[in-house]
>>> print(open('input31.txt').read())   # compact mmCIF, C-alpha atoms and all ligand atoms
# COMPACT_ATOMS: atom_id res chain seq x y z
CA MET J 10 0.00 0.00 0.00
CA ALA J 11 3.05 2.33 0.35
CA ASN J 12 2.96 5.44 2.54
CA THR J 13 -0.58 6.82 2.57
CA ILE J 14 -1.94 10.02 4.04
CA LEU J 15 -5.60 9.94 4.93
CA VAL J 16 -7.36 13.29 5.26
CA GLY J 17 -10.89 14.52 5.80
CA ALA J 18 -12.11 16.40 2.72
CA GLN J 19 -14.87 18.30 4.53
CA TRP J 20 -15.36 19.65 8.08
CA GLY J 21 -14.31 16.55 10.05
CA ASP J 22 -16.44 13.56 11.04
CA GLU J 23 -16.22 12.18 7.50
CA GLY J 24 -16.02 8.62 8.79
CA LYS J 25 -12.23 8.53 8.78
CA GLY J 26 -12.12 6.04 11.69
CA LYS J 27 -13.83 3.36 9.66
CA ILE J 28 -11.76 3.96 6.49
CA ILE J 29 -8.52 4.05 8.49
CA ASP J 30 -9.50 0.75 10.06
CA VAL J 31 -10.13 -0.75 6.61
CA LEU J 32 -6.82 0.59 5.20
CA THR J 33 -4.87 -0.44 8.29
CA GLU J 34 -5.12 -4.04 7.19
CA GLN J 35 -2.44 -3.31 4.58
CA ALA J 36 -0.31 -0.96 6.71
CA ASP J 37 2.45 -1.81 9.17
CA VAL J 38 2.49 1.47 11.05
CA VAL J 39 -0.34 3.92 11.78
CA VAL J 40 0.54 7.47 12.82
CA ARG J 41 -1.47 10.37 14.22
CA THR J 42 0.24 13.62 13.27
CA GLN J 43 -1.94 16.50 14.47
CA GLY J 44 -4.83 17.41 16.72
CA GLY J 45 -5.45 15.85 20.09
CA ASN J 46 -8.35 14.33 21.93
CA ASN J 47 -10.71 16.72 20.17
CA ALA J 48 -10.84 13.91 17.59
CA GLY J 49 -13.21 10.98 17.95
CA HIS J 50 -12.62 8.12 15.54
CA THR J 51 -15.34 5.50 15.75
CA VAL J 52 -14.72 1.91 14.71
CA PHE J 53 -17.29 -0.91 14.96
CA LEU J 54 -15.98 -4.46 15.26
CA GLY J 55 -18.89 -6.86 15.39
CA PRO J 56 -21.15 -5.71 18.21
CA LYS J 57 -18.36 -3.69 19.86
CA LYS J 58 -18.00 0.05 19.34
CA TYR J 59 -14.61 1.70 19.94
CA VAL J 60 -14.17 5.46 20.03
CA LEU J 61 -10.53 6.50 19.80
CA HIS J 62 -9.44 10.02 20.65
CA LEU J 63 -5.64 10.01 20.77
CA VAL J 64 -4.61 6.41 20.14
CA PRO J 65 -4.34 5.62 16.39
CA SER J 66 -7.12 3.35 15.12
CA GLY J 67 -4.51 0.76 14.12
CA ILE J 68 -4.46 -0.38 17.75
CA LEU J 69 -7.56 -2.49 17.00
CA ARG J 70 -5.61 -4.73 14.62
CA LYS J 71 -2.93 -7.12 15.78
CA SER J 72 0.76 -6.48 15.03
CA LYS J 73 0.37 -2.87 13.88
CA LEU J 74 2.68 -0.28 15.35
CA CYS J 75 0.77 2.85 16.42
CA VAL J 76 2.52 6.18 16.75
CA ILE J 77 1.35 9.45 18.29
CA GLY J 78 3.59 11.83 16.38
CA ASN J 79 5.29 15.08 17.34
CA GLY J 80 2.51 17.20 15.81
CA VAL J 81 -0.14 15.91 18.21
CA VAL J 82 -1.04 17.68 21.47
CA VAL J 83 -1.40 15.07 24.19
CA ASP J 84 -3.62 15.26 27.24
CA PRO J 85 -1.70 12.68 29.31
CA VAL J 86 -4.54 12.00 31.75
CA GLY J 87 -6.93 11.52 28.81
CA LEU J 88 -4.40 9.22 27.14
CA VAL J 89 -3.98 7.08 30.29
CA ASN J 90 -7.76 6.73 30.56
CA GLU J 91 -8.02 5.82 26.88
CA ILE J 92 -5.33 3.14 27.20
CA LYS J 93 -6.98 1.74 30.34
CA GLY J 94 -10.38 1.74 28.60
CA LEU J 95 -8.95 -0.13 25.59
CA ARG J 96 -7.23 -2.68 27.83
CA LYS J 97 -10.52 -3.24 29.66
CA LEU J 98 -12.12 -4.03 26.30
CA GLY J 99 -9.42 -6.64 25.69
CA VAL J 100 -7.31 -4.56 23.27
CA LYS J 101 -3.56 -5.08 23.62
CA VAL J 102 -1.78 -1.80 24.31
CA GLY J 103 1.92 -2.14 25.05
CA SER J 104 4.94 -2.02 22.80
CA ASN J 105 2.53 -1.48 19.88
CA LEU J 106 1.99 2.15 20.99
CA VAL J 107 4.66 4.84 20.90
CA VAL J 108 4.28 8.52 21.82
CA SER J 109 6.64 11.19 20.52
CA GLU J 110 8.96 12.83 23.02
CA THR J 111 8.33 16.16 21.33
CA ALA J 112 4.52 16.06 21.29
CA HIS J 113 3.23 18.97 23.37
CA VAL J 114 1.27 18.39 26.57
CA VAL J 115 -2.26 19.69 27.20
CA PHE J 116 -2.82 20.95 30.77
CA PRO J 117 -6.02 21.73 32.68
CA TYR J 118 -5.28 25.47 32.30
CA HIS J 119 -5.45 24.98 28.52
CA ARG J 120 -8.91 23.47 28.86
CA GLU J 121 -10.01 26.18 31.27
CA LEU J 122 -8.71 28.93 28.96
CA ASP J 123 -10.43 27.27 26.00
CA ALA J 124 -13.74 27.35 27.89
CA GLN J 125 -13.26 30.90 29.22
CA ARG J 126 -12.38 32.31 25.81
CA GLU J 127 -15.48 30.73 24.33
CA VAL J 128 -17.60 32.42 27.01
CA LEU J 129 -15.90 35.75 26.32
CA LYS J 130 -16.58 35.42 22.60
CA GLY J 131 -20.31 35.10 23.30
CA LYS J 132 -22.23 34.80 20.05
CA HIS J 133 -18.94 34.84 18.13
CA LYS J 134 -17.74 31.64 19.78
CA ILE J 135 -16.01 28.94 17.71
CA GLY J 136 -17.86 26.04 19.28
CA THR J 137 -14.66 24.24 20.27
CA THR J 138 -14.59 20.79 21.86
CA LYS J 139 -13.19 22.49 25.02
CA ARG J 140 -10.30 20.03 25.12
CA GLY J 141 -7.74 22.83 25.40
CA ILE J 142 -6.44 22.30 21.87
CA GLY J 143 -6.16 25.96 20.81
CA PRO J 144 -4.36 27.15 23.98
CA ALA J 145 -1.98 24.15 23.87
CA TYR J 146 -0.97 24.86 20.26
CA GLY J 147 -0.80 28.54 21.24
CA ASP J 148 1.83 27.72 23.88
CA LYS J 149 3.72 25.62 21.34
CA ALA J 150 3.85 28.54 18.88
CA ALA J 151 4.77 30.95 21.70
CA ARG J 152 7.58 28.55 22.68
CA VAL J 153 6.41 28.17 26.24
CA GLY J 154 4.81 24.72 25.95
CA LEU J 155 5.92 21.60 27.79
CA ARG J 156 6.57 18.43 25.82
CA MET J 157 6.26 14.75 26.66
CA ILE J 158 10.01 14.61 27.25
CA ASP J 159 9.62 17.26 29.98
CA LEU J 160 6.69 15.41 31.52
CA ILE J 161 8.58 12.15 31.96
CA HIS J 162 11.55 13.81 33.68
CA PRO J 163 10.09 14.69 37.13
CA GLU J 164 12.83 17.10 38.25
CA ARG J 165 12.70 19.05 35.00
CA PHE J 166 8.91 18.92 34.89
CA GLU J 167 8.33 20.39 38.37
CA GLU J 168 10.33 23.54 37.74
CA LYS J 169 8.93 24.21 34.27
CA PHE J 170 5.37 23.42 35.27
CA ARG J 171 5.54 25.69 38.34
CA ARG J 172 6.34 28.65 36.08
CA ARG J 173 3.64 27.82 33.58
CA ILE J 174 0.83 27.29 36.06
CA LYS J 175 1.76 30.54 37.84
CA GLU J 176 1.40 32.57 34.66
CA ASN J 177 -1.77 30.78 33.56
CA ASN J 178 -3.38 31.18 36.97
CA GLU J 179 -2.88 34.94 36.67
CA VAL J 180 -4.64 34.87 33.30
CA LEU J 181 -7.45 32.71 34.67
CA LYS J 182 -7.95 35.06 37.60
CA ALA J 183 -8.07 38.05 35.25
CA LEU J 184 -10.80 36.26 33.31
CA GLY J 185 -12.77 35.72 36.50
CA ALA J 186 -12.03 31.98 36.67
CA LYS J 187 -10.67 30.01 39.61
CA PRO J 188 -6.90 29.39 39.68
CA LEU J 189 -5.71 25.77 39.61
CA SER J 190 -3.89 24.01 42.45
CA PHE J 191 -0.23 23.38 41.62
CA LYS J 192 -0.10 20.31 43.84
CA ARG J 193 -3.26 18.68 42.54
CA VAL J 194 -2.34 19.05 38.86
CA HIS J 195 1.34 18.27 39.48
CA ASP J 196 0.51 15.02 41.29
CA GLU J 197 -2.06 13.99 38.71
CA TYR J 198 0.37 14.65 35.84
CA CYS J 199 3.27 12.89 37.58
CA ALA J 200 1.08 9.81 38.00
CA ALA J 201 0.16 9.96 34.30
CA ALA J 202 3.85 10.44 33.42
CA ARG J 203 4.82 7.27 35.32
CA TYR J 204 2.15 5.33 33.42
CA LEU J 205 3.11 6.75 30.02
CA GLN J 206 6.91 6.74 30.42
CA PRO J 207 7.40 3.32 28.72
CA PHE J 208 5.51 4.53 25.65
CA VAL J 209 7.56 7.70 25.06
CA ALA J 210 10.31 7.60 22.40
CA ASN J 211 11.98 9.40 19.52
CA THR J 212 9.32 8.68 16.90
CA VAL J 213 11.16 10.38 14.03
CA VAL J 214 14.05 7.95 14.33
CA LEU J 215 11.60 5.08 14.80
CA LEU J 216 9.57 5.96 11.66
CA HIS J 217 12.68 6.32 9.50
CA HIS J 218 13.91 2.98 10.81
CA ALA J 219 10.55 1.43 9.88
CA MET J 220 10.79 2.91 6.37
CA ARG J 221 14.31 1.52 5.92
CA GLU J 222 12.85 -1.88 6.77
CA GLY J 223 10.30 -1.42 3.97
CA LYS J 224 7.31 -0.93 6.26
CA ASP J 225 4.20 0.84 4.98
CA ILE J 226 2.89 3.78 6.96
CA LEU J 227 -0.65 5.09 7.17
CA PHE J 228 -0.99 8.69 8.37
CA GLU J 229 -4.28 9.04 10.19
CA GLY J 230 -5.58 12.57 9.69
CA ALA J 231 -7.92 14.06 12.26
CA GLN J 232 -10.60 16.74 11.75
CA GLY J 233 -10.96 17.88 8.13
CA THR J 234 -9.66 20.23 5.44
CA PHE J 235 -11.98 23.11 6.32
CA LEU J 236 -10.94 22.97 9.98
CA ASP J 237 -7.28 23.49 8.98
CA ILE J 238 -5.70 26.52 10.71
CA ASP J 239 -4.40 27.80 7.33
CA HIS J 240 -6.81 26.41 4.77
CA GLY J 241 -10.04 26.23 6.75
CA THR J 242 -12.81 28.69 7.45
CA TYR J 243 -10.70 30.76 9.85
CA PRO J 244 -11.37 31.58 12.68
CA PHE J 245 -13.88 28.71 12.83
CA VAL J 246 -11.15 26.10 12.63
CA THR J 247 -9.03 23.93 14.87
CA SER J 248 -5.44 24.93 15.68
CA SER J 249 -3.47 22.43 13.61
CA ASN J 250 -2.76 21.65 9.95
CA THR J 251 -5.36 19.02 9.19
CA THR J 252 -4.39 18.96 5.50
CA ALA J 253 -1.87 16.57 3.95
CA GLY J 254 1.18 18.74 4.70
CA GLY J 255 0.50 18.30 8.42
CA ALA J 256 1.33 14.62 8.06
CA CYS J 257 4.93 15.52 7.16
CA THR J 258 5.54 18.21 9.79
CA GLY J 259 3.66 16.21 12.40
CA SER J 260 5.74 13.07 11.92
CA GLY J 261 9.13 14.00 10.49
CA VAL J 262 8.49 11.93 7.35
CA PRO J 263 9.46 14.09 4.35
CA PRO J 264 7.05 14.89 1.47
CA HIS J 265 8.91 12.81 -1.12
CA ARG J 266 8.31 9.67 0.97
CA MET J 267 4.53 10.06 0.69
CA ASP J 268 3.00 7.92 -2.04
CA ARG J 269 -0.73 8.47 -1.91
CA VAL J 270 -3.33 10.79 -0.41
CA VAL J 271 -6.78 9.39 0.32
CA GLY J 272 -9.57 11.93 0.88
CA VAL J 273 -12.53 10.82 2.95
CA MET J 274 -15.87 12.53 2.41
CA LYS J 275 -19.44 11.84 3.36
CA ALA J 276 -22.06 11.47 0.64
CA TYR J 277 -23.48 14.69 2.15
CA THR J 278 -21.88 17.32 4.42
CA THR J 279 -21.78 17.83 8.19
CA ARG J 280 -20.10 20.20 10.59
CA VAL J 281 -19.97 20.59 14.38
CA GLY J 282 -19.38 23.95 15.98
CA GLU J 283 -19.87 27.39 14.48
CA GLY J 284 -18.82 28.78 11.11
CA PRO J 285 -20.07 28.80 7.54
CA LEU J 286 -21.65 25.71 5.97
CA PRO J 287 -23.10 26.88 2.63
CA THR J 288 -25.24 23.82 1.92
CA GLU J 289 -26.75 23.55 5.43
CA SER J 290 -30.31 22.30 5.18
CA ALA J 291 -32.94 21.66 7.87
CA GLU J 292 -34.53 19.08 5.56
CA ILE J 293 -31.48 16.77 5.48
CA ALA J 294 -30.56 17.51 9.13
CA ASP J 295 -34.02 16.54 10.39
CA MET J 296 -33.99 13.38 8.32
CA LEU J 297 -30.53 12.24 9.49
CA HIS J 298 -31.14 13.11 13.15
CA ALA J 299 -34.46 11.25 13.06
CA MET J 300 -32.49 8.21 11.85
CA GLY J 301 -30.28 8.60 14.97
CA ARG J 302 -27.34 9.67 12.81
CA GLU J 303 -24.95 12.58 13.06
CA PHE J 304 -24.28 13.05 16.73
CA GLY J 305 -20.64 13.85 17.62
CA ALA J 306 -18.35 11.04 18.87
CA THR J 307 -16.40 13.35 21.20
CA THR J 308 -19.01 15.78 22.51
CA GLY J 309 -22.33 14.09 21.61
CA ARG J 310 -23.43 17.35 19.94
CA ALA J 311 -25.95 17.10 17.08
CA ARG J 312 -24.01 17.83 13.92
CA ARG J 313 -25.17 20.45 11.44
CA CYS J 314 -26.03 18.79 8.12
CA GLY J 315 -26.18 19.84 4.49
CA TRP J 316 -26.08 18.58 0.93
CA PHE J 317 -22.83 17.47 -0.69
CA ASP J 318 -20.70 20.50 -1.53
CA SER J 319 -18.46 19.76 -4.49
CA VAL J 320 -16.97 23.26 -4.49
CA ALA J 321 -15.57 22.48 -1.05
CA THR J 322 -14.39 18.95 -1.85
CA ARG J 323 -12.74 20.15 -5.08
CA HIS J 324 -10.84 22.68 -3.01
CA ALA J 325 -9.85 19.86 -0.63
CA THR J 326 -8.48 17.85 -3.57
CA MET J 327 -6.41 20.85 -4.56
CA VAL J 328 -4.82 21.64 -1.18
CA ASN J 329 -4.27 18.01 -0.15
CA GLY J 330 -3.33 16.54 -3.52
CA ILE J 331 -6.00 13.88 -3.07
CA ASP J 332 -5.51 10.86 -5.35
CA ASP J 333 -8.20 8.48 -4.15
CA LEU J 334 -11.61 9.17 -2.69
CA ALA J 335 -13.46 7.25 -0.01
CA VAL J 336 -17.16 8.13 0.17
CA THR J 337 -18.84 7.24 3.45
CA ASN J 338 -22.41 7.22 4.75
CA LEU J 339 -23.93 6.57 1.34
CA ASP J 340 -26.72 4.73 3.15
CA GLY J 341 -27.67 8.00 4.89
CA LEU J 342 -29.22 9.06 1.57
CA ASP J 343 -31.07 5.78 0.92
CA THR J 344 -34.54 7.25 1.52
CA VAL J 345 -34.12 10.63 -0.18
CA GLU J 346 -36.29 11.32 -3.22
CA THR J 347 -34.26 14.11 -4.77
CA ILE J 348 -30.63 14.62 -3.79
CA LYS J 349 -28.99 18.00 -4.22
CA VAL J 350 -25.31 18.60 -4.94
CA CYS J 351 -23.75 22.03 -4.73
CA ILE J 352 -21.82 22.76 -7.93
CA GLY J 353 -21.08 26.46 -7.41
CA TYR J 354 -21.80 29.43 -5.16
CA ARG J 355 -23.50 32.70 -5.82
CA ALA J 356 -22.27 35.69 -3.83
CA ASP J 357 -22.83 39.38 -4.41
CA GLY J 358 -24.48 38.67 -7.77
CA LYS J 359 -21.43 36.71 -8.97
CA ARG J 360 -20.97 32.99 -9.55
CA LEU J 361 -18.00 31.47 -7.70
CA ASP J 362 -16.48 28.06 -8.40
CA TYR J 363 -13.99 28.17 -5.53
CA VAL J 364 -14.18 28.54 -1.75
CA PRO J 365 -13.62 32.19 -0.79
CA ASN J 366 -10.96 32.73 1.89
CA ASP J 367 -13.11 34.98 4.01
CA ALA J 368 -15.47 33.07 6.32
CA GLN J 369 -17.98 35.92 6.18
CA THR J 370 -18.10 35.87 2.38
CA LEU J 371 -18.47 32.09 2.47
CA ALA J 372 -21.34 32.44 4.96
CA GLU J 373 -23.08 34.75 2.46
CA CYS J 374 -22.64 32.32 -0.45
CA LYS J 375 -25.81 30.74 -1.78
CA PRO J 376 -25.30 27.28 -3.26
CA VAL J 377 -26.09 26.53 -6.88
CA TYR J 378 -27.49 23.01 -6.94
CA ALA J 379 -27.68 20.15 -9.41
CA GLU J 380 -30.32 17.57 -8.62
CA PHE J 381 -30.07 13.78 -8.71
CA GLU J 382 -32.86 11.25 -8.49
CA GLY J 383 -32.56 9.25 -5.27
CA TRP J 384 -32.30 5.44 -5.46
CA GLN J 385 -34.76 5.01 -2.57
CA GLN J 386 -33.68 1.53 -1.58
CA PRO J 387 -31.33 0.23 1.08
CA THR J 388 -27.64 -0.01 0.16
CA THR J 389 -26.42 -1.39 3.50
CA ALA J 390 -26.26 -4.99 2.25
CA CYS J 391 -24.31 -4.13 -0.93
CA ARG J 392 -20.77 -5.47 -0.96
CA ARG J 393 -19.75 -4.91 -4.57
CA TRP J 394 -19.96 -1.93 -6.90
CA LYS J 395 -22.35 -3.74 -9.24
CA GLN J 396 -24.73 -4.47 -6.35
CA LEU J 397 -25.33 -0.77 -5.74
CA PRO J 398 -28.47 0.66 -7.36
CA ALA J 399 -27.66 2.28 -10.73
CA LYS J 400 -28.81 5.69 -9.46
CA ALA J 401 -26.45 5.41 -6.47
CA ARG J 402 -23.57 4.57 -8.81
CA ASP J 403 -24.43 7.58 -10.98
CA TYR J 404 -24.49 9.79 -7.91
CA LEU J 405 -21.12 8.50 -6.68
CA LYS J 406 -19.51 8.86 -10.11
CA ALA J 407 -20.82 12.43 -10.34
CA ILE J 408 -19.55 13.58 -6.94
CA ALA J 409 -16.16 11.95 -7.52
CA GLU J 410 -15.84 13.63 -10.90
CA LEU J 411 -16.88 17.01 -9.48
CA THR J 412 -14.38 16.56 -6.64
CA GLY J 413 -11.59 15.56 -8.99
CA GLY J 414 -10.36 12.31 -7.45
CA LYS J 415 -10.57 8.62 -8.26
CA LEU J 416 -13.42 6.87 -6.47
CA ALA J 417 -11.73 4.03 -4.57
CA ILE J 418 -13.90 3.12 -1.58
CA VAL J 419 -17.60 3.39 -0.76
CA SER J 420 -18.91 2.77 2.74
CA VAL J 421 -22.53 1.73 3.24
CA GLY J 422 -22.55 1.23 7.01
CA PRO J 423 -20.35 1.23 10.07
CA ALA J 424 -19.15 -2.40 9.92
CA ARG J 425 -15.84 -3.38 8.31
CA GLU J 426 -17.63 -5.59 5.80
CA GLN J 427 -19.95 -2.77 4.69
CA THR J 428 -17.17 -1.51 2.44
CA ILE J 429 -17.05 -1.56 -1.34
CA PHE J 430 -13.73 -1.31 -3.18
CA VAL J 431 -14.39 0.28 -6.54
P1 LIG S 1 -11.13 22.58 18.79
O1 LIG S 1 -10.34 21.71 17.89
O2 LIG S 1 -11.66 21.88 19.99
O3 LIG S 1 -10.41 23.86 19.14
O4 LIG S 1 -12.45 23.05 17.99
C1 LIG S 1 -12.39 23.93 16.88
C2 LIG S 1 -13.46 23.55 15.85
O5 LIG S 1 -13.10 22.31 15.27
C3 LIG S 1 -14.85 23.40 16.41
O6 LIG S 1 -15.78 23.79 15.43
C4 LIG S 1 -14.96 21.89 16.63
O7 LIG S 1 -16.29 21.46 16.61
C5 LIG S 1 -14.18 21.39 15.44
N1 LIG S 1 -13.58 20.06 15.66
C6 LIG S 1 -12.51 19.77 16.41
N2 LIG S 1 -12.24 18.45 16.36
C7 LIG S 1 -13.15 17.91 15.56
C8 LIG S 1 -13.39 16.59 15.09
O8 LIG S 1 -12.66 15.64 15.40
N3 LIG S 1 -14.44 16.41 14.25
C9 LIG S 1 -15.22 17.45 13.86
N4 LIG S 1 -15.04 18.69 14.26
C10 LIG S 1 -14.01 18.93 15.11
>>> encode(input="input31.txt", output="C-alpha cells")
Amino acid sequence: MANTILVGAQWGDEGKGKIIDVLTEQADVVVRTQGGNNAGHTVFLGPKKYVLHLVPSGILRKSKLCVIGNGVVVDPVGLVNEIKGLRKLGVKVGSNLVVSETAHVVFPYHRELDAQREVLKGKHKIGTTKRGIGPAYGDKAARVGLRMIDLIHPERFEEKFRRRIKENNEVLKALGAKPLSFKRVHDEYCAAARYLQPFVANTVVLLHHAMREGKDILFEGAQGTFLDIDHGTYPFVTSSNTTAGGACTGSGVPPHRMDRVVGVMKAYTTRVGEGPLPTESAEIADMLHAMGREFGATTGRARRCGWFDSVATRHATMVNGIDDLAVTNLDGLDTVETIKVCIGYRADGKRLDYVPNDAQTLAECKPVYAEFEGWQQPTTACRRWKQLPAKARDYLKAIAELTGGKLAIVSVGPAREQTIFV
C-alpha cells in the first residue's frame, strides 16, 4: 500500500475512523500527526464500538505499530484513561503504541482557557470541543509549551510546570475563573507520566527505521480540510494543519516519501461547531437526526447537516493533492427522493467556483445546486460496486468527478464488511 496520508475532505467527522480501520489491514504502522483528543474516531468491530481520541485506530488490529507523532497535542490523563479503557475491552496496548517525546502536553489550564475564551466570545464563539487544543498549540507557537520529554523527567517537569501554572493562573484570575492548584495538577500529571513513560520515544528515528525496513505507513488525519488553521474557514477552525502537509511536519516523514493521499468525504456534508456551511439544510438535518445519525463522537453534539458541496471537496483535492476518494455514509441518503449537490456558489451577484478565503463571504454564499434522483432503496447490504443501485452509482460517479479524485472506496454502514472497493 506504500505510505498513505488519509485526510478529511470536509469539516471533520467524515467517517475517517472506519476507512482508516479498513486501510490499516495493509499498513504496518499507523501514525497520528496532528490534533489531540478533540478527535473521535469510531470503529465498529462486530457488536463492539470503539471510540478512539488520541490512540491511532490501528491499535484495534494485531501487530500494527501505532505512533502518536510530534505534531499531536497530548492530554496525558486523557491518554492514560483511553489506554486503560482499551485494555478493559481486551485490546492489547503495550509495545505497539509509541508517543513522541516532542509532542506537546495539554494541561487543565489549557482546557479552562479554552472554555473561558469561548464564554468571552459570546455569540462569536467557535464552538470548540473544550479540550484545550487551541491554547496548547498557542503555547507551542509561543515557545512556552511543555513536551512529553519534559513530563517524563520529574525534576525538570516540576520547575517548568511551576512557572507555567503561575502565569496561567494569573490569566485565569483576570478572566474571572478560579486558579488551579499546583499540587493537585502536578501530582495527577506525575502519575500519568509514570504510566506513560514506557511509551515515550523518539518517533522520528523510529519511523525512519521502519521505512528503511520497507514498512508501509498510514498517516491518520484528524478533523478535516476546512478545519485546517491555514486552509479552513478561519477563525472557525481547529489549531493544527489538518491537511496533507500536516502529516509531514507532524511526523518527520518528508514529502517525497509520501506515495498516496486518500480523501474521505461523506455522501453529504456535516459540521460541528460554528462557522459557515453553505449547503446547510434543515430538511437533510431533520432526516438524518431522526435516523439517529450525526451526533458527535467526542461531545455528543448534534451535527449540522447539508447537501454534498463539491466546491468544497474540489478545493480539498487541490490543497491536499488527493488521489483516491473514499465516500462514506452513502446509506444516509437511501430514503431521499431528490438529492442535491452544490456545484457552485452565488455571492454578491457573482458565480463562484472556488471557496472564498473569508469566512464571512463564504457564509453569504448561496449554493447553486444540481439535482439527482434518489435510489430510494437500502444499500447497507451491498458489498460490490455492481450491487449498488444504478442511481447510487451515478451519484457517486458524479460527486467523484466534481471533486476531482478517483473513487476508490464506498462505505454503506459502520461495519468493516460494509465496504465496497471500486
Ligand atoms: P477545537 O479543535 O476543539 O479547538 O475546535 C475547533 C473547531 O473544530 C470546532 O468547530 C470543533 O467542533 C471542530 N472540531 C474539532 N475536532 C473535531 C473533530 O474531530 N471532528 C469534527 N469537528 C471537530
>>> residues_near_ligand(input="input31.txt", ligand="ligand LIG 1 (chain S)", cutoff="9 Å", atoms="all atoms listed in the file", output="number ranges by chain")
J: 20-23, 44-50, 62, 123, 135-144, 231-233, 236-237, 244-249, 279-284, 305-308, 310, 312
>>> write_last_selection(input="input31.txt", atoms="C-alpha atoms", output="PDB file, in the frame of the given file")
ATOM      1  CA  TRP J  20     -15.360  19.650   8.080  1.00  0.00           C
ATOM      2  CA  GLY J  21     -14.310  16.550  10.050  1.00  0.00           C
ATOM      3  CA  ASP J  22     -16.440  13.560  11.040  1.00  0.00           C
ATOM      4  CA  GLU J  23     -16.220  12.180   7.500  1.00  0.00           C
ATOM      5  CA  GLY J  44      -4.830  17.410  16.720  1.00  0.00           C
ATOM      6  CA  GLY J  45      -5.450  15.850  20.090  1.00  0.00           C
ATOM      7  CA  ASN J  46      -8.350  14.330  21.930  1.00  0.00           C
ATOM      8  CA  ASN J  47     -10.710  16.720  20.170  1.00  0.00           C
ATOM      9  CA  ALA J  48     -10.840  13.910  17.590  1.00  0.00           C
ATOM     10  CA  GLY J  49     -13.210  10.980  17.950  1.00  0.00           C
ATOM     11  CA  HIS J  50     -12.620   8.120  15.540  1.00  0.00           C
ATOM     12  CA  HIS J  62      -9.440  10.020  20.650  1.00  0.00           C
ATOM     13  CA  ASP J 123     -10.430  27.270  26.000  1.00  0.00           C
ATOM     14  CA  ILE J 135     -16.010  28.940  17.710  1.00  0.00           C
ATOM     15  CA  GLY J 136     -17.860  26.040  19.280  1.00  0.00           C
ATOM     16  CA  THR J 137     -14.660  24.240  20.270  1.00  0.00           C
ATOM     17  CA  THR J 138     -14.590  20.790  21.860  1.00  0.00           C
ATOM     18  CA  LYS J 139     -13.190  22.490  25.020  1.00  0.00           C
ATOM     19  CA  ARG J 140     -10.300  20.030  25.120  1.00  0.00           C
ATOM     20  CA  GLY J 141      -7.740  22.830  25.400  1.00  0.00           C
ATOM     21  CA  ILE J 142      -6.440  22.300  21.870  1.00  0.00           C
ATOM     22  CA  GLY J 143      -6.160  25.960  20.810  1.00  0.00           C
ATOM     23  CA  PRO J 144      -4.360  27.150  23.980  1.00  0.00           C
ATOM     24  CA  ALA J 231      -7.920  14.060  12.260  1.00  0.00           C
ATOM     25  CA  GLN J 232     -10.600  16.740  11.750  1.00  0.00           C
ATOM     26  CA  GLY J 233     -10.960  17.880   8.130  1.00  0.00           C
ATOM     27  CA  LEU J 236     -10.940  22.970   9.980  1.00  0.00           C
ATOM     28  CA  ASP J 237      -7.280  23.490   8.980  1.00  0.00           C
ATOM     29  CA  PRO J 244     -11.370  31.580  12.680  1.00  0.00           C
ATOM     30  CA  PHE J 245     -13.880  28.710  12.830  1.00  0.00           C
ATOM     31  CA  VAL J 246     -11.150  26.100  12.630  1.00  0.00           C
ATOM     32  CA  THR J 247      -9.030  23.930  14.870  1.00  0.00           C
ATOM     33  CA  SER J 248      -5.440  24.930  15.680  1.00  0.00           C
ATOM     34  CA  SER J 249      -3.470  22.430  13.610  1.00  0.00           C
ATOM     35  CA  THR J 279     -21.780  17.830   8.190  1.00  0.00           C
ATOM     36  CA  ARG J 280     -20.100  20.200  10.590  1.00  0.00           C
ATOM     37  CA  VAL J 281     -19.970  20.590  14.380  1.00  0.00           C
ATOM     38  CA  GLY J 282     -19.380  23.950  15.980  1.00  0.00           C
ATOM     39  CA  GLU J 283     -19.870  27.390  14.480  1.00  0.00           C
ATOM     40  CA  GLY J 284     -18.820  28.780  11.110  1.00  0.00           C
ATOM     41  CA  GLY J 305     -20.640  13.850  17.620  1.00  0.00           C
ATOM     42  CA  ALA J 306     -18.350  11.040  18.870  1.00  0.00           C
ATOM     43  CA  THR J 307     -16.400  13.350  21.200  1.00  0.00           C
ATOM     44  CA  THR J 308     -19.010  15.780  22.510  1.00  0.00           C
ATOM     45  CA  ARG J 310     -23.430  17.350  19.940  1.00  0.00           C
ATOM     46  CA  ARG J 312     -24.010  17.830  13.920  1.00  0.00           C
TER      47      ARG J 312
END
>>> closest_residue(input="input31.txt", among="J:Phe170, J:Tyr363, J:Trp316, J:Phe53", to="Ser290 of chain J", atoms="all atoms listed in the file")
J:Trp316
>>> residues_near_point(input="input31.txt", point="(-4.0, 4.7, -1.0)", cutoff="8 Å", atoms="all atoms listed in the file", output="PyMOL selection string")
chain J and resi 10-14+32+268-271+332-333
>>> write_last_selection(input="input31.txt", atoms="C-alpha atoms", output="mmCIF file, in the frame of the given file")
data_model
loop_
_atom_site.group_PDB
_atom_site.id
_atom_site.type_symbol
_atom_site.label_atom_id
_atom_site.label_comp_id
_atom_site.auth_asym_id
_atom_site.auth_seq_id
_atom_site.Cartn_x
_atom_site.Cartn_y
_atom_site.Cartn_z
ATOM 1 C CA MET J 10 0.000 0.000 0.000
ATOM 2 C CA ALA J 11 3.050 2.330 0.350
ATOM 3 C CA ASN J 12 2.960 5.440 2.540
ATOM 4 C CA THR J 13 -0.580 6.820 2.570
ATOM 5 C CA ILE J 14 -1.940 10.020 4.040
ATOM 6 C CA LEU J 32 -6.820 0.590 5.200
ATOM 7 C CA ASP J 268 3.000 7.920 -2.040
ATOM 8 C CA ARG J 269 -0.730 8.470 -1.910
ATOM 9 C CA VAL J 270 -3.330 10.790 -0.410
ATOM 10 C CA VAL J 271 -6.780 9.390 0.320
ATOM 11 C CA ASP J 332 -5.510 10.860 -5.350
ATOM 12 C CA ASP J 333 -8.200 8.480 -4.150
#
>>> closest_residue(input="input31.txt", among="J:Asp318, J:Val336, J:Lys57, J:Asn105", to="Cys351 of chain J", atoms="all atoms listed in the file")
J:Asp318
>>> residues_around(input="input31.txt", residues="Val115 of chain J", least_positions_apart="2", cutoff="6 Å", atoms="all atoms listed in the file", output="list of chain:residue names")
J:Val83, J:Asp84, J:Ala145
>>> atom_distance(input="input31.txt", atom1="atom CA of Val40 of chain J", atom2="atom CA of Gly55 of chain J")
24.3 Å
